[in-house]
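A.B. asks: One structure follows; several queries about it will come next.
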Amino acid sequence: MTQLVGTVPAPSVHADLHSEFGARPGDPDDRHRSPVIKVIDIAWLEFEKQNLADAERFARDFGFTVANRTADRLELRGTWAGAPCVLIRRARRSRFVGPAYRAESTTDLTTLAEATGTRVHSLGDLGGSVVDLVDPSGQPLRVVADLFDLPSLPDQEPLTVNAGGKVARFNAIQRPPRAPARVQRLGHVVIESPRFREALHWYQSVLGFIVSDFQFFPGQRDRGPTMAFMRCDRGADAADHHTLAMTLGPRARYVHSAYQVADLDAVAAGGAYLADRGYHHAWGMGRHIQGSQIFDYWRDPDKFMVEHYADGDVFDNSVTAGWAPMTASGLSQWGPPVTRDFLGANPDPDLVKGILNGLRDDNEFDIHRLLGLLKVARS
């Protein structure tokens with residue numbers, strides 16, 4: 001969970017960054033008024049990978065700590081107390097299995113199981129209990145509670161900086177190490193769905209997510225949103241701008257996941273360390289608009305995109321959703337131009353196959369949406 005040490009409220013949360021008109025009649029609401037439960041955080045992501053040795057090598061270079069390792073399983077954690085944030089099983093092919101979200105209690109899990117026609121069962125070695133679900137896109141996910149949380153580890157301290165005319169560092173030099181950034185925690189996952197509106201309603205009505213920001217394809221505002229950045233509803237307590245982000249596309253798939261580190265220098269020096277070791281840099285550094293975080297994107301040996309980030313927005317449940325067009329140029333406030341790799345626009349047989357299948361299937365992704373998506377990459 002986000003740790004608050006002080007607050008600096010903005011005079012207007014969405015000022016100058018969003019459509020002046022906001023939501024229109026017929027647009028989806030930013031929240032469901034009476035969801036089945038309200039999840040409170042993301043717990044972990046599950047993957048299957050062919051080569052656990054390569055996965056572990058990248059994980060250590062990226063800044064994870066290995067919590068558990070067997071011949072067929074790898075569990076990765078951050079420095080903050082909690083469950084492991086990435087679970088990897090050995091398999092014949094590499095794939096994203098799904099996320100797990102944390103519920104407040106097993107009572108919530110019982111309520112969720114009754115509402116969805118599923119059951120609560122034990123998590124085994126991880127402790128606690130779980131309900132297994134599938135969203136309307138066909139994406140498996142888990143909702144867990146009462147986990148065995150691991151104790152915290154020594155954290156990477158943010159640098160003391162002289163800024164704003166104030167001297168906090170005197171008779172001391174800055175030498176951030178060119179070393180792996182120490183991952184603190186899993187922050188969010190981004191997924192693609194060909195059934196965006198149906199899946200959006202499901203995540204709001206079943207798991208209680210609140211939309212922080214909606215985006216829409218250029219020239220298609222009348223057709224409604226095509227991306228939603230969703231946060232957990234923790235009432236008056238702080239929640240990350242997005243724990244789950246979902247975008248309309250031709251297939252149900254993983255897009256990227258993001259891991260918090262200490263500060264800008266941890267992002268930059270950690271990225272330099274990854275570059276020295278020859279890993280594929282997808283995009284960055286920069287600062288996003290939606291979420292405001294400093295970002296840097298990399299590909300792991302299995303081509304899954306992962307993000308180092310720092311200094312992201314946190315909201316309580318009083319903040320309503322912003323609206324903005326989805327454009328390539330609008331992905332960052334500063335930083336290098338967005339890459340084709342980040343946009344998923346590089347030639348790829350699986351991409352072409354996914355688009356063709358998406359257009360044939362009975363879902364929200366049609367030829368007009370495809371044209372809108374292509375316009376995003378050029379805008």
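If you're wondering about the labels, chains in the structure tokens are A, B, ... by order shown, residues count from 1 in each chain, ligands from 1 in order shown.
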Would you kindly return, as a short mmCIF file (atom, residue, chain, number, x, y, z; two decimals) with all heavy atoms, in the first residue's frame, each protein, DNA or RNA residue with an atom no farther than 7 Å from any atom of Pro325 of chain A, considering only C-alpha atoms and excluding same-chain residues fewer than 5 positions away?
C.D. replies:
data_model
loop_
_atom_site.label_atom_id
_atom_site.label_comp_id
_atom_site.auth_asym_id
_atom_site.auth_seq_id
_atom_site.Cartn_x
_atom_site.Cartn_y
_atom_site.Cartn_z
N GLN A 215 -9.78 7.77 -21.20
CA GLN A 215 -9.27 8.28 -22.46
C GLN A 215 -10.09 7.72 -23.61
O GLN A 215 -10.74 6.68 -23.48
CB GLN A 215 -7.79 7.91 -22.65
CG GLN A 215 -6.86 8.63 -21.68
CD GLN A 215 -5.40 8.39 -21.99
OE1 GLN A 215 -4.96 7.25 -22.12
NE2 GLN A 215 -4.63 9.45 -22.11
N PHE A 216 -10.09 8.44 -24.74
CA PHE A 216 -10.87 8.03 -25.90
C PHE A 216 -10.04 8.23 -27.16
O PHE A 216 -9.12 9.04 -27.19
CB PHE A 216 -12.17 8.85 -25.99
CG PHE A 216 -11.98 10.34 -25.90
CD1 PHE A 216 -11.74 11.11 -27.04
CD2 PHE A 216 -12.02 10.99 -24.68
CE1 PHE A 216 -11.56 12.48 -26.96
CE2 PHE A 216 -11.84 12.36 -24.58
CZ PHE A 216 -11.61 13.11 -25.72
N PHE A 217 -10.35 7.43 -28.20
CA PHE A 217 -9.63 7.55 -29.46
C PHE A 217 -9.90 8.90 -30.11
O PHE A 217 -11.04 9.38 -30.07
CB PHE A 217 -10.04 6.44 -30.43
CG PHE A 217 -9.53 5.07 -30.09
CD1 PHE A 217 -10.09 3.94 -30.66
CD2 PHE A 217 -8.45 4.90 -29.22
CE1 PHE A 217 -9.61 2.68 -30.37
CE2 PHE A 217 -7.96 3.64 -28.92
CZ PHE A 217 -8.55 2.52 -29.50
N PRO A 218 -8.89 9.52 -30.71
CA PRO A 218 -9.09 10.81 -31.40
C PRO A 218 -10.19 10.70 -32.45
O PRO A 218 -10.21 9.75 -33.24
CB PRO A 218 -7.72 11.08 -32.04
CG PRO A 218 -6.76 10.29 -31.24
CD PRO A 218 -7.49 9.06 -30.80
#
A.B. asks: Taking 4 positions as the minimum chain separation for residues in the same chain, which residues sit within 10 Å of Ser34 of chain A when counting only C-alpha atoms? Answer as an mmCIF file with N, CA, C and O atoms, in the first residue's frame.
C.D. replies:
data_model
loop_
_atom_site.group_PDB
_atom_site.id
_atom_site.type_symbol
_atom_site.label_atom_id
_atom_site.label_comp_id
_atom_site.auth_asym_id
_atom_site.auth_seq_id
_atom_site.Cartn_x
_atom_site.Cartn_y
_atom_site.Cartn_z
ATOM 1 N N LYS A 38 -14.905 -4.309 -2.390
ATOM 2 C CA LYS A 38 -13.923 -3.313 -2.811
ATOM 3 C C LYS A 38 -12.525 -3.859 -2.509
ATOM 4 O O LYS A 38 -12.131 -3.940 -1.343
ATOM 5 N N GLN A 204 -15.768 -2.597 -12.002
ATOM 6 C CA GLN A 204 -16.381 -1.621 -11.105
ATOM 7 C C GLN A 204 -17.430 -2.261 -10.204
ATOM 8 O O GLN A 204 -17.464 -1.993 -8.997
ATOM 9 N N SER A 205 -18.295 -3.087 -10.776
ATOM 10 C CA SER A 205 -19.434 -3.622 -10.019
ATOM 11 C C SER A 205 -19.061 -4.811 -9.146
ATOM 12 O O SER A 205 -19.678 -5.037 -8.107
ATOM 13 N N VAL A 206 -18.048 -5.575 -9.555
ATOM 14 C CA VAL A 206 -17.678 -6.770 -8.793
ATOM 15 C C VAL A 206 -16.545 -6.485 -7.812
ATOM 16 O O VAL A 206 -16.603 -6.896 -6.650
ATOM 17 N N GLY A 208 -15.121 -3.236 -7.267
ATOM 18 C CA GLY A 208 -15.191 -1.910 -6.655
ATOM 19 C C GLY A 208 -14.170 -0.906 -7.132
ATOM 20 O O GLY A 208 -13.918 0.100 -6.457
#
A.B. asks: Name the residues of segment 91-326 of chain A that come out as strand (DSSP E or B) in a backbone DSSP run; write them as a compact mmCIF listing (two decimals) with N, CA, C and O atoms, in the first residue's frame.
C.D. replies:
# COMPACT_ATOMS: atom_id res chain seq x y z
N ARG A 95 4.11 -17.23 -20.69
CA ARG A 95 2.85 -16.51 -20.83
C ARG A 95 2.49 -15.82 -19.51
O ARG A 95 2.97 -16.22 -18.44
N PHE A 96 1.65 -14.80 -19.62
CA PHE A 96 1.08 -14.15 -18.45
C PHE A 96 -0.14 -14.95 -18.03
O PHE A 96 -1.03 -15.22 -18.83
N VAL A 97 -0.18 -15.34 -16.75
CA VAL A 97 -1.31 -16.12 -16.25
C VAL A 97 -2.40 -15.20 -15.76
O VAL A 97 -3.57 -15.33 -16.15
N GLY A 98 -2.05 -14.23 -14.89
CA GLY A 98 -3.06 -13.29 -14.40
C GLY A 98 -2.63 -12.61 -13.13
O GLY A 98 -1.64 -12.98 -12.50
N PRO A 99 -3.39 -11.59 -12.72
CA PRO A 99 -3.10 -10.88 -11.48
C PRO A 99 -3.88 -11.44 -10.29
O PRO A 99 -4.86 -12.18 -10.46
N ALA A 100 -3.43 -11.07 -9.10
CA ALA A 100 -4.18 -11.33 -7.87
C ALA A 100 -4.38 -9.99 -7.17
O ALA A 100 -3.44 -9.20 -7.04
N TYR A 101 -5.60 -9.75 -6.73
CA TYR A 101 -5.93 -8.53 -5.99
C TYR A 101 -6.26 -8.90 -4.55
O TYR A 101 -6.76 -9.98 -4.27
N ARG A 102 -5.97 -7.97 -3.65
CA ARG A 102 -6.14 -8.24 -2.22
C ARG A 102 -7.48 -7.70 -1.74
O ARG A 102 -7.80 -6.53 -1.97
N HIS A 121 -11.14 -21.03 -1.46
CA HIS A 121 -10.28 -22.16 -1.11
C HIS A 121 -8.93 -21.67 -0.60
O HIS A 121 -8.60 -20.48 -0.70
N SER A 122 -8.14 -22.57 -0.08
CA SER A 122 -6.87 -22.21 0.57
C SER A 122 -5.80 -21.91 -0.46
O SER A 122 -5.76 -22.52 -1.54
N SER A 129 -6.58 -17.19 1.86
CA SER A 129 -7.60 -17.81 1.03
C SER A 129 -7.73 -17.06 -0.29
O SER A 129 -7.26 -15.93 -0.43
N VAL A 130 -8.41 -17.70 -1.26
CA VAL A 130 -8.49 -17.14 -2.60
C VAL A 130 -9.83 -17.49 -3.25
O VAL A 130 -10.41 -18.55 -2.97
N VAL A 131 -10.30 -16.59 -4.09
CA VAL A 131 -11.40 -16.84 -5.01
C VAL A 131 -10.85 -16.66 -6.42
O VAL A 131 -10.25 -15.62 -6.72
N ASP A 132 -11.02 -17.66 -7.27
CA ASP A 132 -10.55 -17.59 -8.66
C ASP A 132 -11.70 -17.18 -9.57
O ASP A 132 -12.79 -17.76 -9.51
N LEU A 133 -11.44 -16.17 -10.42
CA LEU A 133 -12.46 -15.61 -11.31
C LEU A 133 -11.91 -15.49 -12.72
O LEU A 133 -10.70 -15.60 -12.95
N VAL A 134 -12.79 -15.20 -13.66
CA VAL A 134 -12.42 -14.87 -15.03
C VAL A 134 -13.22 -13.65 -15.44
O VAL A 134 -14.44 -13.61 -15.26
N PRO A 140 -8.05 -14.67 -16.59
CA PRO A 140 -8.14 -15.20 -15.23
C PRO A 140 -7.55 -14.21 -14.22
O PRO A 140 -6.61 -13.47 -14.52
N LEU A 141 -8.11 -14.20 -13.03
CA LEU A 141 -7.58 -13.39 -11.94
C LEU A 141 -7.96 -14.02 -10.62
O LEU A 141 -8.84 -14.89 -10.57
N ARG A 142 -7.29 -13.59 -9.58
CA ARG A 142 -7.54 -14.13 -8.25
C ARG A 142 -7.79 -12.97 -7.29
O ARG A 142 -7.25 -11.87 -7.47
N VAL A 143 -8.62 -13.22 -6.29
CA VAL A 143 -8.82 -12.27 -5.20
C VAL A 143 -8.46 -13.00 -3.92
O VAL A 143 -8.97 -14.10 -3.65
N VAL A 144 -7.54 -12.43 -3.14
CA VAL A 144 -6.94 -13.13 -2.00
C VAL A 144 -7.12 -12.31 -0.72
O VAL A 144 -7.36 -11.10 -0.77
N ALA A 145 -6.99 -12.98 0.41
CA ALA A 145 -7.07 -12.30 1.71
C ALA A 145 -6.32 -13.10 2.76
O ALA A 145 -6.08 -14.31 2.59
N LEU A 150 5.43 -11.11 4.20
CA LEU A 150 6.85 -11.13 4.51
C LEU A 150 7.25 -9.83 5.19
O LEU A 150 6.69 -8.77 4.90
N ALA A 163 16.92 21.90 -3.57
CA ALA A 163 15.92 22.32 -4.55
C ALA A 163 15.07 23.43 -3.97
O ALA A 163 14.94 23.56 -2.73
N LYS A 166 16.31 25.79 -1.23
CA LYS A 166 16.57 25.29 0.12
C LYS A 166 17.74 24.33 0.09
O LYS A 166 17.80 23.43 -0.76
N ARG A 185 7.76 -2.29 -4.42
CA ARG A 185 6.47 -2.99 -4.48
C ARG A 185 5.96 -3.01 -5.90
O ARG A 185 6.41 -2.24 -6.75
N LEU A 186 5.01 -3.87 -6.15
CA LEU A 186 4.23 -3.86 -7.38
C LEU A 186 3.21 -2.74 -7.30
O LEU A 186 2.47 -2.63 -6.32
N GLY A 187 3.17 -1.90 -8.34
CA GLY A 187 2.24 -0.78 -8.34
C GLY A 187 0.99 -1.01 -9.16
O GLY A 187 -0.13 -0.76 -8.70
N HIS A 188 1.15 -1.48 -10.41
CA HIS A 188 -0.04 -1.68 -11.24
C HIS A 188 0.24 -2.63 -12.39
O HIS A 188 1.39 -2.93 -12.71
N VAL A 189 -0.84 -3.06 -13.02
CA VAL A 189 -0.78 -3.86 -14.23
C VAL A 189 -1.69 -3.22 -15.27
O VAL A 189 -2.72 -2.63 -14.93
N VAL A 190 -1.28 -3.30 -16.54
CA VAL A 190 -2.07 -2.78 -17.65
C VAL A 190 -2.43 -3.96 -18.55
O VAL A 190 -1.56 -4.76 -18.92
N ILE A 191 -3.71 -4.07 -18.90
CA ILE A 191 -4.18 -5.14 -19.75
C ILE A 191 -4.97 -4.57 -20.92
O ILE A 191 -5.47 -3.44 -20.87
N GLU A 192 -5.07 -5.37 -21.98
CA GLU A 192 -5.87 -5.02 -23.15
C GLU A 192 -7.09 -5.91 -23.19
O GLU A 192 -7.02 -7.08 -22.83
N SER A 193 -8.22 -5.34 -23.64
CA SER A 193 -9.46 -6.10 -23.70
C SER A 193 -10.24 -5.76 -24.96
O SER A 193 -10.41 -4.57 -25.27
N ILE A 210 -12.50 2.27 -8.97
CA ILE A 210 -12.91 3.62 -9.35
C ILE A 210 -12.01 4.09 -10.49
O ILE A 210 -10.80 3.90 -10.45
N VAL A 211 -12.60 4.72 -11.50
CA VAL A 211 -11.81 5.24 -12.61
C VAL A 211 -11.24 6.61 -12.24
O VAL A 211 -11.97 7.53 -11.87
N SER A 212 -9.92 6.74 -12.32
CA SER A 212 -9.25 8.03 -12.11
C SER A 212 -9.22 8.85 -13.39
O SER A 212 -9.36 10.07 -13.35
N ASP A 213 -9.02 8.19 -14.54
CA ASP A 213 -8.97 8.88 -15.83
C ASP A 213 -9.52 7.98 -16.92
O ASP A 213 -9.19 6.79 -17.00
N PHE A 214 -10.37 8.57 -17.77
CA PHE A 214 -10.81 7.94 -19.00
C PHE A 214 -10.06 8.57 -20.17
O PHE A 214 -9.76 9.78 -20.17
N GLN A 215 -9.78 7.77 -21.20
CA GLN A 215 -9.27 8.28 -22.46
C GLN A 215 -10.09 7.72 -23.61
O GLN A 215 -10.74 6.68 -23.48
N PHE A 216 -10.09 8.44 -24.74
CA PHE A 216 -10.87 8.03 -25.90
C PHE A 216 -10.04 8.23 -27.16
O PHE A 216 -9.12 9.04 -27.19
N MET A 227 -9.92 3.68 -22.81
CA MET A 227 -8.94 3.33 -21.78
C MET A 227 -9.43 3.86 -20.45
O MET A 227 -10.03 4.94 -20.37
N ALA A 228 -9.19 3.08 -19.40
CA ALA A 228 -9.56 3.49 -18.05
C ALA A 228 -8.41 3.18 -17.09
O ALA A 228 -7.92 2.04 -17.07
N PHE A 229 -7.98 4.20 -16.36
CA PHE A 229 -7.00 4.04 -15.30
C PHE A 229 -7.78 3.91 -13.99
O PHE A 229 -8.44 4.87 -13.57
N MET A 230 -7.70 2.76 -13.35
CA MET A 230 -8.58 2.46 -12.21
C MET A 230 -7.80 2.29 -10.91
O MET A 230 -6.76 1.64 -10.89
N ARG A 231 -8.34 2.84 -9.84
CA ARG A 231 -7.73 2.73 -8.53
C ARG A 231 -8.65 1.98 -7.58
O ARG A 231 -9.85 1.83 -7.83
N ALA A 239 -4.90 6.03 -2.35
CA ALA A 239 -4.74 4.88 -3.25
C ALA A 239 -4.00 5.35 -4.49
O ALA A 239 -4.18 6.48 -4.95
N ASP A 240 -3.18 4.47 -5.07
CA ASP A 240 -2.48 4.82 -6.30
C ASP A 240 -3.46 5.24 -7.39
O ASP A 240 -4.55 4.66 -7.50
N LEU A 244 -5.02 -0.90 -11.68
CA LEU A 244 -5.34 -1.61 -12.92
C LEU A 244 -5.64 -0.57 -13.98
O LEU A 244 -6.45 0.34 -13.76
N ALA A 245 -5.00 -0.67 -15.13
CA ALA A 245 -5.37 0.13 -16.30
C ALA A 245 -5.77 -0.84 -17.41
O ALA A 245 -5.15 -1.89 -17.58
N MET A 246 -6.81 -0.47 -18.13
CA MET A 246 -7.32 -1.35 -19.18
C MET A 246 -7.57 -0.53 -20.43
O MET A 246 -8.11 0.58 -20.37
N THR A 247 -7.17 -1.08 -21.57
CA THR A 247 -7.32 -0.39 -22.84
C THR A 247 -8.03 -1.29 -23.84
O THR A 247 -7.89 -2.52 -23.80
N LEU A 248 -8.81 -0.69 -24.73
CA LEU A 248 -9.49 -1.44 -25.79
C LEU A 248 -8.48 -1.86 -26.84
O LEU A 248 -7.66 -1.06 -27.29
N ARG A 253 -4.90 -9.40 -23.40
CA ARG A 253 -3.48 -9.66 -23.21
C ARG A 253 -2.90 -8.73 -22.15
O ARG A 253 -3.46 -7.68 -21.82
N TYR A 254 -1.75 -9.15 -21.65
CA TYR A 254 -0.90 -8.33 -20.77
C TYR A 254 -0.22 -7.25 -21.62
O TYR A 254 0.27 -7.52 -22.71
N VAL A 255 -0.17 -6.02 -21.09
CA VAL A 255 0.55 -4.93 -21.76
C VAL A 255 1.84 -4.62 -20.99
O VAL A 255 2.92 -4.71 -21.55
N HIS A 256 1.74 -4.24 -19.73
CA HIS A 256 2.94 -4.08 -18.91
C HIS A 256 2.56 -4.07 -17.44
O HIS A 256 1.37 -3.99 -17.08
N SER A 257 3.56 -4.15 -16.59
CA SER A 257 3.38 -4.01 -15.15
C SER A 257 4.43 -3.03 -14.64
O SER A 257 5.48 -2.85 -15.26
N ALA A 258 4.15 -2.40 -13.48
CA ALA A 258 4.99 -1.32 -12.98
C ALA A 258 5.37 -1.56 -11.53
O ALA A 258 4.55 -1.99 -10.72
N TYR A 259 6.63 -1.21 -11.21
CA TYR A 259 7.21 -1.48 -9.90
C TYR A 259 7.85 -0.21 -9.36
O TYR A 259 8.69 0.41 -10.01
N GLN A 260 7.45 0.15 -8.16
CA GLN A 260 7.89 1.41 -7.55
C GLN A 260 9.31 1.29 -7.02
O GLN A 260 9.67 0.29 -6.38
N HIS A 280 16.87 -4.95 -23.23
CA HIS A 280 16.16 -4.14 -24.24
C HIS A 280 15.39 -3.01 -23.57
O HIS A 280 14.49 -3.25 -22.75
N HIS A 281 15.71 -1.77 -23.94
CA HIS A 281 15.04 -0.60 -23.40
C HIS A 281 13.84 -0.28 -24.29
O HIS A 281 13.99 -0.05 -25.49
N ALA A 282 12.63 -0.25 -23.72
CA ALA A 282 11.41 -0.04 -24.50
C ALA A 282 11.07 1.44 -24.67
O ALA A 282 10.67 1.87 -25.75
N TRP A 283 11.23 2.22 -23.58
CA TRP A 283 10.93 3.66 -23.66
C TRP A 283 11.26 4.31 -22.32
O TRP A 283 11.09 3.73 -21.27
N GLY A 284 11.72 5.58 -22.38
CA GLY A 284 11.95 6.37 -21.18
C GLY A 284 13.32 7.00 -21.21
O GLY A 284 14.06 6.87 -22.19
N MET A 285 13.68 7.72 -20.13
CA MET A 285 12.85 8.11 -19.00
C MET A 285 11.92 9.26 -19.40
O MET A 285 12.16 9.97 -20.36
N GLY A 286 10.89 9.45 -18.56
CA GLY A 286 10.00 10.57 -18.74
C GLY A 286 9.05 10.66 -17.56
O GLY A 286 9.21 9.94 -16.57
N ARG A 287 8.11 11.58 -17.68
CA ARG A 287 7.05 11.68 -16.66
C ARG A 287 5.70 11.61 -17.37
O ARG A 287 5.43 12.39 -18.28
N HIS A 288 4.88 10.67 -16.95
CA HIS A 288 3.56 10.49 -17.55
C HIS A 288 2.63 11.67 -17.21
O HIS A 288 2.90 12.45 -16.28
N ILE A 294 7.24 9.31 -12.78
CA ILE A 294 8.47 9.19 -13.57
C ILE A 294 8.58 7.73 -13.98
O ILE A 294 8.42 6.83 -13.15
N PHE A 295 8.86 7.47 -15.25
CA PHE A 295 8.80 6.11 -15.77
C PHE A 295 10.04 5.75 -16.57
O PHE A 295 10.74 6.61 -17.10
N ASP A 296 10.27 4.45 -16.68
CA ASP A 296 11.29 3.90 -17.56
C ASP A 296 10.90 2.45 -17.84
O ASP A 296 10.69 1.67 -16.91
N TYR A 297 10.79 2.09 -19.13
CA TYR A 297 10.25 0.80 -19.54
C TYR A 297 11.32 -0.10 -20.14
O TYR A 297 12.14 0.35 -20.96
N TRP A 298 11.26 -1.38 -19.77
CA TRP A 298 12.21 -2.38 -20.23
C TRP A 298 11.49 -3.65 -20.65
O TRP A 298 10.34 -3.88 -20.26
N ARG A 299 12.18 -4.46 -21.46
CA ARG A 299 11.68 -5.79 -21.81
C ARG A 299 12.52 -6.84 -21.10
O ARG A 299 13.75 -6.75 -21.10
N MET A 305 6.94 -6.47 -20.99
CA MET A 305 7.36 -5.11 -20.68
C MET A 305 7.11 -4.82 -19.20
O MET A 305 6.04 -5.11 -18.66
N VAL A 306 8.13 -4.24 -18.55
CA VAL A 306 8.06 -3.90 -17.13
C VAL A 306 8.57 -2.48 -16.95
O VAL A 306 9.41 -1.99 -17.70
N GLU A 307 8.06 -1.82 -15.92
CA GLU A 307 8.33 -0.39 -15.70
C GLU A 307 8.90 -0.16 -14.31
O GLU A 307 8.38 -0.68 -13.32
N HIS A 308 9.99 0.61 -14.24
CA HIS A 308 10.40 1.26 -13.00
C HIS A 308 9.65 2.58 -12.91
O HIS A 308 9.58 3.32 -13.91
N TYR A 309 9.11 2.92 -11.73
CA TYR A 309 8.47 4.23 -11.62
C TYR A 309 8.68 4.79 -10.22
O TYR A 309 8.97 4.07 -9.26
N ALA A 310 8.51 6.11 -10.12
CA ALA A 310 8.60 6.82 -8.84
C ALA A 310 7.69 8.04 -8.89
O ALA A 310 7.40 8.57 -9.97
N VAL A 314 -1.52 9.88 -5.96
CA VAL A 314 -2.41 9.10 -5.09
C VAL A 314 -3.67 9.93 -4.83
O VAL A 314 -3.61 11.14 -4.64
N PHE A 315 -4.83 9.26 -4.88
CA PHE A 315 -6.13 9.91 -4.68
C PHE A 315 -6.92 9.19 -3.60
O PHE A 315 -6.74 7.99 -3.39
N GLY A 322 -11.17 12.11 -14.79
CA GLY A 322 -10.85 13.04 -15.85
C GLY A 322 -11.07 12.40 -17.21
O GLY A 322 -11.18 11.17 -17.32
N TRP A 323 -11.11 13.22 -18.24
CA TRP A 323 -11.31 12.74 -19.61
C TRP A 323 -10.29 13.40 -20.52
O TRP A 323 -10.03 14.61 -20.40
N ALA A 324 -9.70 12.63 -21.42
CA ALA A 324 -8.71 13.17 -22.36
C ALA A 324 -8.62 12.28 -23.58
O ALA A 324 -8.88 11.07 -23.49
N PRO A 325 -8.25 12.84 -24.73
CA PRO A 325 -8.00 11.99 -25.91
C PRO A 325 -6.77 11.12 -25.70
O PRO A 325 -5.83 11.52 -25.02
A.B. asks: Could the residues of segment 250-333 of chain A that have an atom at most 12 Å from segment 232-237 of chain A be listed as CSV, each with its closest atom pair and the distance in Å to one decimal, counting only C-alpha atoms and ordered by chain and ascending residue number?
C.D. replies:
residue,atom,partner,partner_atom,distance
A:Val314,CA,A:Asp237,CA,9.3
A:Phe315,CA,A:Asp237,CA,7.9
A:Asp316,CA,A:Ala236,CA,5.1
A:Asn317,CA,A:Gly235,CA,5.2
A:Ser318,CA,A:Ala236,CA,7.6
A:Val319,CA,A:Ala236,CA,10.3
A:Thr320,CA,A:Asp233,CA,11.8
A.B. asks: Could you turn the residues from that selection into a file that holds C-alpha atoms, as a CSV table (one decimal), in the first residue's frame?
C.D. replies:
chain,number,residue,atom,x,y,z
A,314,VAL,CA,-2.4,9.1,-5.1
A,315,PHE,CA,-6.1,9.9,-4.7
A,316,ASP,CA,-8.8,9.2,-2.2
A,317,ASN,CA,-12.4,8.4,-3.3
A,318,SER,CA,-13.5,12.0,-3.5
A,319,VAL,CA,-11.8,12.5,-6.9
A,320,THR,CA,-13.9,12.1,-10.0
A.B. asks: Let me make sure I understand: among A:Val120, A:Ala252, A:Trp334, A:Ala59, which one has the smallest atom-to-atom distance to Gly138 of chain A if we use only C-alpha atoms?
C.D. replies: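 So, comparing all the options, the nearest one is A:Ala252.
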A.B. asks: Rounded to one decimal, what separation in Å do you get between atom CA of Gly78 of chain A and atom CA of Glu56 of chain A?
C.D. replies: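 Between these atoms lies a distance of 14.0 Å.
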A.B. asks: I'd like to know which of A:Asp341, A:Asp348, A:Asp155, A:Asp54 is closest to Arg90 of chain A, using only C-alpha atoms.
C.D. replies: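 Comparing A:Asp341, A:Asp348, A:Asp155, A:Asp54 against Arg90 of chain A, the winner is A:Asp54.
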A.B. asks: For Ala81 of chain A, which residue among A:Val376, A:Leu359, A:Ala43, A:Ala238 is the nearest when counting only C-alpha atoms?
C.D. replies: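 Comparing A:Val376, A:Leu359, A:Ala43, A:Ala238 against Ala81 of chain A, the winner is A:Ala43.
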